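Undergrad: Okay, handing you the structure first.
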Amino acid sequence: MLAACAHPHASPADPPAELPRDQTRAYTIWLGGARVGTAIETETWSPDGVRLRRDEAMRFLRGDAEVELATTIDIDADAGLVAQRVRWTERSADTTRHAEALRRPTGWQVTDDASAIAPEAVPAELVPLLIRRDGAFAGTVFFPARNFVSGTGRIDPVAPGRLIAQLVLDGGPLVEATIDLDRDGTPARVVDGEGVIAIRATTAQAAQAFPAVDLIAATAVPLDGPRGRRLLLDGDIALPAVPGQSARPSGSGVAVELGAGLPGALPPGNVGRDRRADIAAIVARVRGRIRPDLGATVPARDAAAATAGDCTTFALAYAALAARLGISTRVVTGLRIDGARLVRHRWAVSWTGRAWIAVDAAFGAAPAGGDLIGLAVHDADDAGLVAGEAALTQVRAATWAN
């Protein structure tokens with residue numbers, strides 16, 4: 001994920017004395033040491049400005065489900081690299097989603113959303129051109145492929161040919177990426193905060209076929225030793241005080257005790273009648289409607305009506321229905337114990353009127369706990385999901401202890 005920076009103003013600029021040459025760049029995309037996709041970027045210049053297009057094709061397994069996603073982002077910008085229109089399309093086996101953002105006098109207007117993005121915000125895919133031109137920026141950025149989520153980004157040089165990018169949403173730095181520049185001033189290698197690596201490639205390398213790898217296995221953390229009373233997690237970790245876990249510093253990481261009866265220490269909500277029965281009914285409703293399908297991709301805003309999806313879909317659907325009934329709920333991103341490994345997972349926490357409990361709608365557990373390690377607690381929207389995903393790479397190793 002690239003943190004882009006804003007142009008200081010949104011007015012058109014005169015074309016440069018000599019137009020940059022048209023370019024096509026290819027990248028291979030990797031996660032967990034395995035190739036998962038390809039991206040092709042093209043920039044086409046005219047006296048009026050530039051059209052930038054990014055075509056990204058992802059292919060991987062999630063368990064037994066094969067997932068193929070094709071994403072296209074088209075950006076029209078003036079000669080001063082001020083974007084005027086952004087179009088986004090995502091195609092999977094059974095769905096096609098698209099949206100468009102147009103610059104208006106009051107800001108960016110997304111066609112299927114009443115909200116507006118700040119006028120100075122820059123689409124993230126325009127970042128390489130801004131870097132090539134100016135070297136470093138700070139300002140507002142938005143991500144078309146993440147439902148136009150926006151935040152504050154900055155990019156600074158830290159060594160010749162190397163930049164560090166940071167993205168801040170609401171509450172502090174969430175994503176940091178390292179960018180190594182090619183001789184033409186555009187990225188040759190990008191390593192983002194989620195562990196995704198994009199590497200500049202030749203056209204022939206980008207066209208090479210690659211086997212679909214199990215994304216769950218590729219991102220899992222091995223869990224060493226026979227099961228004990230606690231988990232020792234190695235990494236730059238500060239676990240939230242969600243119900244179902246109790247953590248304390250230990251060596252280079254934290255020691256975690258797990259259990260459904262552990263109350264956590266989230267700020268209490270308003271005391272009222274016990275909503276546990278309502279929570280259980282929502283879980284049953286979600287499980288009755290949603291079919292587990294690791295190959296399904298459902299955006300946050302559509303999760304409440306989803307009929308198939310993964311743990312994220314279950315968590316978001318539960319959170320949406322709980323909110324409609326006035327039950328305070330937040331989503332948790334973290335890890336679940338799966339035999340001798342920790343796999344990425346999402347669930348929720350809800351205020352019963354008397355206490356917070358963990359709710360894992362994907363597995364029908366309320367209260368949940370004993371096999372869940374929360375790394376981030378956040379809102380049930382796209383910005384929250386981005387924040388949660390940034391925490392998933394914090395755990396380097398895990399082992400059982402008594």
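Naming scheme: A, B, ... for chains in displayed order of the structure tokens; residues 1 onward per chain; ligands 1 onward as shown.
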Write out as a list in words which residues come within 6 Å of stretch 55-66 of chain A when counting only C-alpha atoms, dropping same-chain ones fewer than 6 positions away.
TA: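 The residues that qualify are Val36, Gly37, Thr38, Ala39, Ile40, Thr72, Ala212, Val213, Asp214, Leu215, Ile216, Leu294 and Gly295 of chain A.
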Undergrad: Would you pick out the contacts of stretch 348-364 of chain A at 6 Å or less, using only C-alpha atoms, so that residues sharing its chain but fewer than 3 positions from it are not included, and give the list as a compact mmCIF listing (two decimals) with N, CA and C atoms, in the first residue's frame?
TA:
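After the write, selection.txt holds the following:
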# COMPACT_ATOMS: atom_id res chain seq x y z
N PRO A 243 -11.97 -8.45 25.15
CA PRO A 243 -12.33 -9.64 25.93
C PRO A 243 -11.83 -10.91 25.25
N VAL A 271 -24.74 1.19 30.92
CA VAL A 271 -25.34 0.05 31.61
C VAL A 271 -26.82 -0.01 31.26
N GLY A 272 -27.27 -1.20 30.88
CA GLY A 272 -28.67 -1.38 30.52
C GLY A 272 -29.06 -2.84 30.63
N ARG A 273 -30.17 -3.19 30.00
CA ARG A 273 -30.63 -4.58 30.09
C ARG A 273 -29.65 -5.50 29.38
N ASP A 274 -29.62 -6.75 29.78
CA ASP A 274 -28.69 -7.73 29.22
C ASP A 274 -29.11 -8.09 27.80
N ARG A 275 -28.22 -7.89 26.82
CA ARG A 275 -28.52 -8.13 25.41
C ARG A 275 -27.93 -9.43 24.90
N ARG A 276 -27.51 -10.32 25.78
CA ARG A 276 -26.88 -11.57 25.33
C ARG A 276 -27.81 -12.39 24.44
N VAL A 283 -26.27 -13.73 15.82
CA VAL A 283 -25.30 -14.73 15.36
C VAL A 283 -26.00 -15.84 14.59
N CYS A 311 -14.55 -14.96 6.98
CA CYS A 311 -14.72 -14.49 8.35
C CYS A 311 -14.98 -13.00 8.41
N PHE A 314 -18.66 -12.45 7.76
CA PHE A 314 -19.45 -12.80 8.94
C PHE A 314 -19.35 -11.70 9.99
N ALA A 315 -18.12 -11.21 10.26
CA ALA A 315 -17.94 -10.20 11.30
C ALA A 315 -18.64 -8.90 10.94
N SER A 328 -23.74 -1.79 20.93
CA SER A 328 -22.42 -1.26 20.61
C SER A 328 -21.48 -2.39 20.22
N THR A 329 -20.88 -2.27 19.05
CA THR A 329 -20.07 -3.36 18.50
C THR A 329 -18.89 -2.78 17.73
N ARG A 330 -17.75 -3.45 17.85
CA ARG A 330 -16.58 -3.13 17.04
C ARG A 330 -16.01 -4.42 16.48
N VAL A 331 -15.19 -4.30 15.44
CA VAL A 331 -14.61 -5.47 14.79
C VAL A 331 -13.17 -5.63 15.26
N VAL A 332 -12.73 -6.88 15.37
CA VAL A 332 -11.37 -7.21 15.79
C VAL A 332 -10.67 -7.94 14.65
N PRO A 367 -20.23 -16.04 24.17
CA PRO A 367 -18.93 -15.41 23.98
C PRO A 367 -17.93 -16.34 23.29
N ALA A 368 -17.00 -15.72 22.56
CA ALA A 368 -15.92 -16.45 21.92
C ALA A 368 -14.65 -16.23 22.73
Undergrad: What does the distance between atom CA of A:Ala198 and atom CA of A:Ile29 come to in Å, to one decimal place?
TA: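 We find that atom CA of A:Ala198 and atom CA of A:Ile29 lie 4.5 Å from each other.
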Undergrad: When distances are computed from only C-alpha atoms, which of A:Asp236, A:Asp302, A:Glu120, A:Asp224 shows the smallest separation from A:Ile337?
TA: A:Asp224
Undergrad: Would you work out the distance separating atom CA of A:Gly32 from atom CA of A:Gln394, expressed in Å to one decimal?
TA: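 So the answer is 13.9 Å.
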Undergrad: Choose the residue, out of A:Ala383, A:Ala238, A:Ile179, A:Ala145, that has the smallest atom-to-atom separation from A:Ile197; count only C-alpha atoms.
TA: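 Smallest distance to A:Ile197 is found for A:Ile179.
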Undergrad: Do a neighbour search on A:Ala391 at 9 Å with only C-alpha atoms, toss out local chain neighbours closer than 2 positions, and write the hits as an MDAnalysis selection string.
TA: chainID A and resid 174:175 193:194 237 333:334 375:376 387:389 393:395
Undergrad: Put those residues in a file: N, CA and C atoms, as an mmCIF file, in the first residue's frame.
TA:
data_model
loop_
_atom_site.group_PDB
_atom_site.id
_atom_site.type_symbol
_atom_site.label_atom_id
_atom_site.label_comp_id
_atom_site.auth_asym_id
_atom_site.auth_seq_id
_atom_site.Cartn_x
_atom_site.Cartn_y
_atom_site.Cartn_z
ATOM 1 N N LEU A 174 -0.395 3.844 10.505
ATOM 2 C CA LEU A 174 -0.955 2.506 10.388
ATOM 3 C C LEU A 174 -0.207 1.662 9.371
ATOM 4 N N VAL A 175 0.290 2.270 8.339
ATOM 5 C CA VAL A 175 0.943 1.525 7.269
ATOM 6 C C VAL A 175 2.245 2.214 6.913
ATOM 7 N N GLY A 193 3.212 -2.513 4.372
ATOM 8 C CA GLY A 193 3.029 -2.934 5.748
ATOM 9 C C GLY A 193 2.281 -4.231 5.922
ATOM 10 N N GLU A 194 1.667 -4.749 4.875
ATOM 11 C CA GLU A 194 0.960 -6.014 4.946
ATOM 12 C C GLU A 194 1.825 -7.181 4.466
ATOM 13 N N ILE A 237 4.579 -5.719 19.169
ATOM 14 C CA ILE A 237 3.160 -5.943 19.410
ATOM 15 C C ILE A 237 2.694 -5.170 20.638
ATOM 16 N N THR A 333 -9.470 -7.506 14.332
ATOM 17 C CA THR A 333 -8.603 -8.214 13.385
ATOM 18 C C THR A 333 -7.488 -8.876 14.177
ATOM 19 N N GLY A 334 -7.232 -10.147 13.895
ATOM 20 C CA GLY A 334 -6.185 -10.839 14.629
ATOM 21 C C GLY A 334 -5.899 -12.211 14.064
ATOM 22 N N LEU A 375 -5.373 -8.410 17.529
ATOM 23 C CA LEU A 375 -4.241 -7.508 17.275
ATOM 24 C C LEU A 375 -4.683 -6.060 17.096
ATOM 25 N N ALA A 376 -5.917 -5.844 16.673
ATOM 26 C CA ALA A 376 -6.430 -4.486 16.476
ATOM 27 C C ALA A 376 -7.937 -4.504 16.619
ATOM 28 N N ALA A 387 -6.831 -0.406 8.789
ATOM 29 C CA ALA A 387 -6.097 -0.299 10.049
ATOM 30 C C ALA A 387 -5.805 -1.676 10.632
ATOM 31 N N GLY A 388 -6.793 -2.555 10.596
ATOM 32 C CA GLY A 388 -6.596 -3.890 11.143
ATOM 33 C C GLY A 388 -5.567 -4.693 10.382
ATOM 34 N N GLU A 389 -5.591 -4.588 9.063
ATOM 35 C CA GLU A 389 -4.657 -5.357 8.248
ATOM 36 C C GLU A 389 -3.211 -4.961 8.508
ATOM 37 N N THR A 393 0.933 -8.193 10.372
ATOM 38 C CA THR A 393 2.329 -8.599 10.156
ATOM 39 C C THR A 393 3.207 -8.343 11.374
ATOM 40 N N GLN A 394 2.615 -7.927 12.489
ATOM 41 C CA GLN A 394 3.415 -7.597 13.665
ATOM 42 C C GLN A 394 3.960 -8.833 14.374
ATOM 43 N N VAL A 395 3.279 -9.974 14.244
ATOM 44 C CA VAL A 395 3.703 -11.187 14.946
ATOM 45 C C VAL A 395 4.715 -11.929 14.076
#
Undergrad: Excluding A:Ala317 and its own-chain neighbours fewer than 6 positions away, which residues fall within 9 Å of it when counting only C-alpha atoms? Please give them as a list of chain:residue names.
TA: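 Once the adjacent positions are removed, what remains is A:Val286, A:Ile290, A:Ala300, A:Asp302, A:Ala303, A:Ala304, A:Ala305, A:Ala306, A:Ala361.
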Undergrad: Write out, as a PDB file, in the first residue's frame, the residues just selected, with N, CA and C atoms.
TA:
ATOM      1  N   VAL A 286     -27.125 -14.556  11.166  1.00  0.00           N
ATOM      2  CA  VAL A 286     -26.005 -14.422  10.224  1.00  0.00           C
ATOM      3  C   VAL A 286     -25.559 -15.784   9.716  1.00  0.00           C
ATOM      4  N   ILE A 290     -25.550 -16.704   5.713  1.00  0.00           N
ATOM      5  CA  ILE A 290     -24.284 -16.633   4.991  1.00  0.00           C
ATOM      6  C   ILE A 290     -23.656 -18.008   4.880  1.00  0.00           C
ATOM      7  N   ALA A 300     -17.371  -3.944   2.532  1.00  0.00           N
ATOM      8  CA  ALA A 300     -17.898  -3.713   3.873  1.00  0.00           C
ATOM      9  C   ALA A 300     -19.351  -3.237   3.836  1.00  0.00           C
ATOM     10  N   ASP A 302     -21.688  -3.862   1.825  1.00  0.00           N
ATOM     11  CA  ASP A 302     -22.654  -4.849   1.362  1.00  0.00           C
ATOM     12  C   ASP A 302     -22.736  -6.072   2.265  1.00  0.00           C
ATOM     13  N   ALA A 303     -21.954  -6.100   3.338  1.00  0.00           N
ATOM     14  CA  ALA A 303     -21.857  -7.310   4.153  1.00  0.00           C
ATOM     15  C   ALA A 303     -23.173  -7.655   4.840  1.00  0.00           C
ATOM     16  N   ALA A 304     -23.962  -6.647   5.215  1.00  0.00           N
ATOM     17  CA  ALA A 304     -25.202  -6.913   5.946  1.00  0.00           C
ATOM     18  C   ALA A 304     -26.171  -7.771   5.142  1.00  0.00           C
ATOM     19  N   ALA A 305     -26.092  -7.698   3.800  1.00  0.00           N
ATOM     20  CA  ALA A 305     -26.999  -8.465   2.945  1.00  0.00           C
ATOM     21  C   ALA A 305     -26.299  -9.636   2.268  1.00  0.00           C
ATOM     22  N   ALA A 306     -25.063  -9.927   2.629  1.00  0.00           N
ATOM     23  CA  ALA A 306     -24.301 -10.976   1.948  1.00  0.00           C
ATOM     24  C   ALA A 306     -24.899 -12.349   2.220  1.00  0.00           C
ATOM     25  N   ALA A 361     -18.982 -14.760  14.852  1.00  0.00           N
ATOM     26  CA  ALA A 361     -20.152 -15.237  14.113  1.00  0.00           C
ATOM     27  C   ALA A 361     -19.792 -16.332  13.124  1.00  0.00           C
TER      28      ALA A 361
END
Undergrad: Quick one: pull the distance between atom CA of A:Gln205 and atom CA of A:Val50, Å, one decimal.
TA: 26.5 Å
Undergrad: Based on DSSP run over this structure's backbone, return all residues of stretch 84-284 of chain A in strand (DSSP E or B), as a VMD selection string.
TA: chain A and resid 84 to 91 96 to 104 107 to 110 116 to 117 122 to 123 137 to 143 149 to 159 162 to 168 173 to 181 187 to 191 196 to 201 214 221 to 224 230 to 235 245 to 250 253 to 258
Undergrad: Report the residues of stretch 70-277 of chain A whose backbone DSSP state falls under helix (DSSP H, G or I), written as an MDAnalysis selection string.
TA: chainID A and resid 124:134 144:146 203:207 215:219 276:277
Undergrad: Restricting the calculation to only C-alpha atoms, which member of A:Ala277, A:Leu31, A:Ala121, A:Ala398 is positioned closest to A:Ile199?
TA: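 Closest residue, counting only C-alpha atoms: A:Leu31.
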Undergrad: Fewer than 5 positions away in the same chain doesn't count, so skip those; otherwise give me all residues within 7 Å of A:Asp156, counting only C-alpha atoms, as a ChimeraX atom specification.
TA: /A:136,163-165
Undergrad: Between A:Gln109, A:Ser46, A:Arg200, A:Val168, which has the minimum distance to A:Arg183 (counting only C-alpha atoms)?
TA: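 When distances to A:Arg183 are compared using only C-alpha atoms, the smallest one comes from A:Arg200.
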Undergrad: Would you mind telling me which residue in A:Ala201, A:Leu335, A:Leu167, A:Leu102 lies nearest to A:Thr24 when using only C-alpha atoms?
TA: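 Among the listed residues, A:Ala201 lies closest to A:Thr24.
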Undergrad: Please identify all polymer residues within 6 Å of stretch 248-256 of chain A, counting only C-alpha atoms, omitting same-chain residues fewer than 4 positions from it, and present them as an NGL selection string.
TA: :A and (230-235)
Undergrad: Keeping only C-alpha atoms, write the selected residues to a file as a PDB file, in the first residue's frame.
TA:
ATOM      1  CA  ARG A 230       0.005 -19.151  27.546  1.00  0.00           C
ATOM      2  CA  LEU A 231       1.249 -18.049  24.162  1.00  0.00           C
ATOM      3  CA  LEU A 232       4.510 -16.178  23.735  1.00  0.00           C
ATOM      4  CA  LEU A 233       4.361 -13.867  20.734  1.00  0.00           C
ATOM      5  CA  ASP A 234       7.545 -12.394  19.276  1.00  0.00           C
ATOM      6  CA  GLY A 235       7.207  -9.088  17.487  1.00  0.00           C
TER       7      GLY A 235
END
Undergrad: Applying 10 Å and only C-alpha atoms, which residues near A:Thr106 remain after dropping the ones on its own chain fewer than 3 positions away? List them as an mmCIF file with N, CA and C atoms, in the first residue's frame.
TA:
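Final file, result.cif:
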data_model
loop_
_atom_site.group_PDB
_atom_site.id
_atom_site.type_symbol
_atom_site.label_atom_id
_atom_site.label_comp_id
_atom_site.auth_asym_id
_atom_site.auth_seq_id
_atom_site.Cartn_x
_atom_site.Cartn_y
_atom_site.Cartn_z
ATOM 1 N N ARG A 103 -13.644 15.192 -9.850
ATOM 2 C CA ARG A 103 -13.301 16.394 -9.085
ATOM 3 C C ARG A 103 -14.379 17.456 -9.280
ATOM 4 N N GLN A 109 -16.132 13.796 -5.743
ATOM 5 C CA GLN A 109 -17.448 13.212 -5.556
ATOM 6 C C GLN A 109 -17.453 11.804 -6.127
ATOM 7 N N ALA A 116 -17.941 13.136 0.085
ATOM 8 C CA ALA A 116 -16.935 13.712 -0.800
ATOM 9 C C ALA A 116 -15.557 13.543 -0.185
ATOM 10 N N ILE A 117 -14.561 13.326 -1.046
ATOM 11 C CA ILE A 117 -13.165 13.263 -0.621
ATOM 12 C C ILE A 117 -12.604 14.674 -0.698
ATOM 13 N N ALA A 118 -11.647 14.992 0.154
ATOM 14 C CA ALA A 118 -11.080 16.338 0.196
ATOM 15 C C ALA A 118 -10.544 16.752 -1.172
ATOM 16 N N PRO A 119 -10.677 18.033 -1.534
ATOM 17 C CA PRO A 119 -10.245 18.481 -2.868
ATOM 18 C C PRO A 119 -8.768 18.210 -3.147
#
